[in-house]
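Colleague: Quick one: the structure is below, questions incoming.
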Amino acid sequence: MRMFNRYIPTLIAKHVYRLFSGRIHIDGRGDFDFHQGMVQAQSDGDFEHFRTVKEINTEIRKLKEMY
């Protein structure tokens with residue numbers, strides 16, 4: 001599990017894109033799982049959780065377009 005002290009979507013997206021599956025923790029946002037290179041939303045997540053997942057996945061899509 002990788003722990004991020006700050007929420008920086010681009011940095012987190014690079015980590016997820018590189019490792020492809022695993023788990024991350026973002027201070028103030030909580031734990032997130034990622035599989036197949038995309039962050040997965042939890043069924044019991046709140047609005048902030050879903051917004052974070054969407055922002056990170058958007059950054060991952062941008063990375064995929066570049067490479």
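Ordering of the structure tokens sets the chain letters (A, B, ...), residue numbers begin anew at 1 in every chain, and ligands are numbered from 1 in the order given.
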Excluding Ile12 in chain A and its own-chain neighbours fewer than 2 positions away, which residues fall within 10 Å of it when counting only C-alpha atoms? Please give them as a PDB file with C-alpha atoms, in the first residue's frame.

Modeller:
ATOM      1  CA  ARG A   2       1.383   3.363  -1.037  1.00  0.00           C
ATOM      2  CA  MET A   3       0.551   6.331   1.189  1.00  0.00           C
ATOM      3  CA  PHE A   4       0.269   9.850  -0.214  1.00  0.00           C
ATOM      4  CA  ARG A   6      -1.009  15.223  -0.248  1.00  0.00           C
ATOM      5  CA  TYR A   7      -3.663  14.872  -2.904  1.00  0.00           C
ATOM      6  CA  ILE A   8      -1.899  15.464  -6.224  1.00  0.00           C
ATOM      7  CA  PRO A   9      -3.972  13.712  -8.932  1.00  0.00           C
ATOM      8  CA  THR A  10      -1.173  13.679 -11.539  1.00  0.00           C
ATOM      9  CA  LYS A  14       1.389   8.018 -12.584  1.00  0.00           C
ATOM     10  CA  HIS A  15       1.695   5.592  -9.672  1.00  0.00           C
ATOM     11  CA  VAL A  16      -1.541   3.756 -10.563  1.00  0.00           C
ATOM     12  CA  TYR A  17      -0.673   3.655 -14.280  1.00  0.00           C
ATOM     13  CA  ARG A  18       2.752   2.184 -13.544  1.00  0.00           C
ATOM     14  CA  ILE A  24      -3.298   3.477  -2.098  1.00  0.00           C
ATOM     15  CA  ILE A  26      -4.487   9.506   0.510  1.00  0.00           C
ATOM     16  CA  VAL A  39      -8.997   3.434  -9.593  1.00  0.00           C
ATOM     17  CA  ILE A  56      -7.548  10.399 -10.809  1.00  0.00           C
ATOM     18  CA  ASN A  57      -9.057   8.290 -13.615  1.00  0.00           C
ATOM     19  CA  GLU A  59      -5.488  11.938 -15.275  1.00  0.00           C
ATOM     20  CA  ILE A  60      -4.818   8.255 -16.067  1.00  0.00           C
TER      21      ILE A  60
END

Colleague: Pull the strand (DSSP E) assignments for chain A out of DSSP run on the backbone, and list those residues as a list in words.

Modeller: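 Strand (DSSP E) assignments inside chain A correspond to Arg2, Met3, Phe4, Gly22, Arg23, Ile24, His25, Ile26, Gly30, Asp31, Phe32, Asp33, Phe34, His35, Met38, Val39 and Gln40 of chain A.
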
Colleague: With only C-alpha atoms as the atoms that count, which of A:Asp46, A:Glu65, A:Glu55, A:Asp33 lies nearest to Leu19 in chain A?

Modeller: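 Result for the nearest residue to Leu19 in chain A: A:Asp33.
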
Colleague: Please, what distance in Å, to one decimal, runs between CA of Gln42 in chain A and CA of Lys64 in chain A?

Modeller: 23.3 Å

Colleague: Considering only C-alpha atoms, can you say which of A:Thr52, A:Asn5, A:Ser43, A:Thr58 comes closest to His25 in chain A?

Modeller: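 Checking each candidate against His25 in chain A, we get A:Asn5 as the closest.
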
Colleague: Check chain A with DSSP on the backbone and list each residue it calls helix (DSSP H, G or I), as a PyMOL selection string.

Modeller: chain A and resi 9-19+47-66

Colleague: Nearest to Phe32 in chain A: which of A:Leu11, A:Lys62, A:His49, A:Asp44 is it, counting only C-alpha atoms?

Modeller: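 Closest to Phe32 in chain A, using only C-alpha atoms: A:His49.
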